>>> print(open('query.txt').read())   # compact mmCIF, C-alpha atoms and all ligand atoms
# COMPACT_ATOMS: atom_id res chain seq x y z
CA MET Z 191 12.63 23.78 -9.35
CA LEU Z 192 11.65 20.18 -8.83
CA ASN Z 193 9.98 18.38 -11.65
CA LEU Z 194 7.16 15.97 -10.92
CA GLN Z 195 9.43 12.94 -11.13
CA ASP Z 196 11.76 14.37 -8.46
CA LEU Z 197 8.84 15.24 -6.25
CA TYR Z 198 7.48 11.70 -6.48
CA GLN Z 199 10.94 10.38 -5.74
CA GLU Z 200 11.20 12.62 -2.70
CA VAL Z 201 7.88 11.43 -1.24
CA ILE Z 202 8.85 7.79 -1.74
CA LEU Z 203 12.27 8.30 -0.12
CA ASP Z 204 10.70 10.19 2.78
CA HIS Z 205 8.17 7.42 3.46
CA ASN Z 206 10.93 4.82 3.15
CA ARG Z 207 13.16 6.64 5.65
CA ASN Z 208 10.32 7.42 8.05
CA PRO Z 209 7.54 4.94 7.41
CA ARG Z 210 4.21 6.01 8.93
CA ASN Z 211 2.27 3.55 11.07
CA PHE Z 212 5.30 1.28 11.33
CA HIS Z 213 4.49 -0.79 14.41
CA THR Z 214 2.58 -3.86 15.49
CA MET Z 215 -0.94 -3.50 16.89
CA GLU Z 216 -2.16 -5.25 20.01
CA ASP Z 217 -5.87 -4.75 19.46
CA ALA Z 218 -5.83 -5.63 15.76
CA THR Z 219 -8.96 -7.36 14.49
CA GLN Z 220 -7.15 -8.56 11.37
CA GLN Z 221 -3.55 -9.48 10.75
CA GLN Z 222 -2.18 -10.55 7.40
CA GLN Z 223 1.23 -11.46 6.00
CA GLY Z 224 2.35 -10.52 2.52
CA PHE Z 225 5.41 -11.63 0.56
CA ASN Z 226 6.78 -10.59 -2.80
CA PRO Z 227 9.28 -13.31 -3.75
CA LEU Z 228 10.44 -11.42 -6.83
CA CYS Z 229 12.04 -8.69 -4.73
CA GLY Z 230 12.02 -10.23 -1.22
CA ASP Z 231 9.56 -7.70 0.25
CA LYS Z 232 7.86 -8.98 3.40
CA LEU Z 233 5.24 -7.30 5.50
CA SER Z 234 2.74 -7.93 8.24
CA LEU Z 235 -0.33 -5.74 8.08
CA TYR Z 236 -2.54 -4.98 11.08
CA LEU Z 237 -6.04 -3.58 10.95
CA ASN Z 238 -8.57 -2.63 13.55
CA ILE Z 239 -11.97 -2.75 11.88
CA GLU Z 240 -15.11 -1.82 13.78
CA ASN Z 241 -18.56 -1.65 12.24
CA ASP Z 242 -17.01 -1.88 8.79
CA ILE Z 243 -14.75 1.13 9.40
CA ILE Z 244 -10.97 0.86 9.43
CA ILE Z 245 -10.23 2.55 12.75
CA ASP Z 246 -6.51 1.89 12.62
CA ALA Z 247 -3.92 0.39 10.27
CA SER Z 248 -0.24 -0.38 10.78
CA PHE Z 249 2.51 -2.59 9.39
CA VAL Z 250 5.95 -3.99 10.08
CA GLY Z 251 8.36 -5.76 7.77
CA HIS Z 252 11.27 -5.17 5.50
CA GLY Z 253 11.47 -4.56 1.81
CA CYS Z 254 12.61 -2.16 -0.86
CA ALA Z 255 11.85 1.57 -0.80
CA ILE Z 256 8.84 1.17 -3.08
CA SER Z 257 7.14 -1.51 -0.99
CA THR Z 258 7.81 0.30 2.29
CA ALA Z 259 6.61 3.65 0.94
CA SER Z 260 3.53 1.99 -0.53
CA ALA Z 261 2.59 0.36 2.80
CA SER Z 262 3.27 3.62 4.63
CA LEU Z 263 1.11 5.69 2.27
CA MET Z 264 -1.60 3.04 2.17
CA THR Z 265 -1.98 2.68 5.93
CA ASP Z 266 -2.28 6.48 6.18
CA ALA Z 267 -4.82 6.61 3.37
CA ILE Z 268 -7.20 3.88 4.57
CA LYS Z 269 -7.57 5.03 8.17
CA GLY Z 270 -11.12 6.17 8.79
CA LYS Z 271 -12.34 4.65 5.52
CA THR Z 272 -15.00 1.97 5.26
CA VAL Z 273 -14.02 -1.47 3.99
CA ALA Z 274 -15.90 -0.73 0.75
CA GLU Z 275 -14.04 2.56 0.29
CA ALA Z 276 -10.70 0.84 0.88
CA LYS Z 277 -11.60 -1.79 -1.73
CA ALA Z 278 -12.46 0.96 -4.21
CA MET Z 279 -9.08 2.59 -3.49
CA PHE Z 280 -7.37 -0.73 -4.16
CA ASP Z 281 -9.14 -0.95 -7.53
CA SER Z 282 -8.12 2.59 -8.49
CA PHE Z 283 -4.57 2.04 -7.32
CA HIS Z 284 -4.23 -1.24 -9.17
CA GLN Z 285 -5.56 0.24 -12.39
CA ALA Z 286 -3.30 3.27 -12.11
CA VAL Z 287 -0.11 1.24 -11.65
CA VAL Z 288 -0.71 -1.27 -14.43
CA GLU Z 289 -2.06 1.03 -17.14
CA ASP Z 290 -2.36 4.69 -18.06
CA ASN Z 291 -5.64 5.43 -16.39
CA THR Z 292 -5.92 9.09 -15.51
CA ASP Z 293 -9.42 8.67 -14.07
CA ALA Z 294 -8.13 6.11 -11.60
CA GLU Z 295 -5.08 8.26 -10.90
CA LYS Z 296 -7.25 11.24 -9.99
CA GLN Z 297 -8.96 9.21 -7.25
CA LEU Z 298 -5.65 8.53 -5.56
CA GLY Z 299 -4.49 11.85 -4.17
CA LYS Z 300 -1.13 11.34 -2.50
CA LEU Z 301 -0.99 7.68 -3.49
CA ALA Z 302 -0.48 8.77 -7.09
CA VAL Z 303 3.24 9.19 -6.34
CA LEU Z 304 3.57 5.44 -6.80
CA THR Z 305 2.01 5.27 -10.24
CA GLY Z 306 5.45 5.98 -11.72
CA VAL Z 307 6.26 2.30 -11.19
CA LYS Z 308 4.27 1.37 -14.26
CA GLN Z 309 7.37 2.27 -16.27
CA PHE Z 310 9.16 -0.50 -14.37
CA PRO Z 311 6.99 -3.62 -14.62
CA SER Z 312 9.18 -5.59 -12.22
CA ARG Z 313 8.50 -3.01 -9.49
CA VAL Z 314 4.71 -3.04 -9.84
CA LYS Z 315 4.49 -5.97 -7.42
CA CYS Z 316 6.50 -4.00 -4.85
CA ALA Z 317 3.92 -1.20 -5.06
CA THR Z 318 0.89 -3.48 -4.96
CA LEU Z 319 2.06 -5.91 -2.23
CA ALA Z 320 0.57 -3.89 0.64
CA TRP Z 321 -2.70 -3.56 -1.26
CA HIS Z 322 -3.02 -7.26 -2.03
CA THR Z 323 -2.28 -7.91 1.63
CA LEU Z 324 -4.97 -5.40 2.63
CA GLN Z 325 -7.48 -7.07 0.32
CA ALA Z 326 -6.80 -10.47 1.91
CA ALA Z 327 -6.96 -9.01 5.43
CA MET Z 328 -10.38 -7.51 4.75
CA GLU Z 329 -11.54 -10.86 3.41
CA ASP Z 330 -10.26 -12.63 6.51
CA SER Z 331 -7.93 -14.88 4.57
CA ASP Z 332 -5.44 -16.75 6.72
CA LYS Z 333 -3.09 -17.58 3.86
CA VAL Z 334 0.11 -15.64 3.35
CA VAL Z 335 -0.35 -13.38 0.34
CA THR Z 336 2.26 -13.77 -2.36
CA THR Z 337 2.29 -11.57 -5.38
CA GLU Z 338 2.78 -14.38 -7.87
ZN ZN U 1 10.35 -4.55 -3.74
>>> encode(input="query.txt", output="structure tokens", more="lines below")
Ligand code: ZN
Amino acid sequence: MLNLQDLYQEVILDHNRNPRNFHTMEDATQQQQGFNPLCGDKLSLYLNIENDIIIDASFVGHGCAISTASASLMTDAIKGKTVAEAKAMFDSFHQAVVEDNTDAEKQLGKLAVLTGVKQFPSRVKCATLAWHTLQAAMEDSDKVVTTE
């Protein structure tokens, strides 16, 4: 039987091998670049936001398994959410990967598979890169997001 750690591992590997929403978007209303110099993770995030609702989300880029899986899971999770809901998810996610916060973790559903990175502080930025990029995209920033 799989233990929880193995299950988490399996989800991350699956999303790394077959990232969801891995494509550019022609009708994107926002586009944002993110870069994690510590690991070399790079991504471009695309959003189509209408009336404050994230209609569609996608990304392209290259990075480690954690950053790719995080972007894959995130783009799946935010589709159909309002901008405010996506921001609340970012807050929960951020809290859950930097500290033991079971309340925040419970809000995350599937995204909780990435909270294991808190045991590896150098990988936290890999897990949060997509989210910081999302945050900047929703704020219409035109600067490249770096995690430093
Ligand atoms: Zn990385």
>>> atom_distance(input="query.txt", atom1="CA of Thr214 in chain Z", atom2="CA of Gly253 in chain Z")
16.3 Å
>>> residues_around(input="query.txt", residues="Asp231 in chain Z", least_positions_apart="3", cutoff="9 Å", atoms="all atoms listed in the file", output="VMD selection string")
chain Z and resid 224 to 228 251 to 254 257 to 258 316 319
>>> atom_distance(input="query.txt", atom1="CA of Phe249 in chain Z", atom2="CA of Gln220 in chain Z")
11.5 Å
>>> closest_residue(input="query.txt", among="Z:Ile244, Z:Ile202, Z:Val303, Z:Ile256", to="ligand ZN 1 (chain U)", atoms="all atoms listed in the file")
Z:Ile256
>>> atom_distance(input="query.txt", atom1="CA of Lys232 in chain Z", atom2="CA of Met264 in chain Z")
15.3 Å
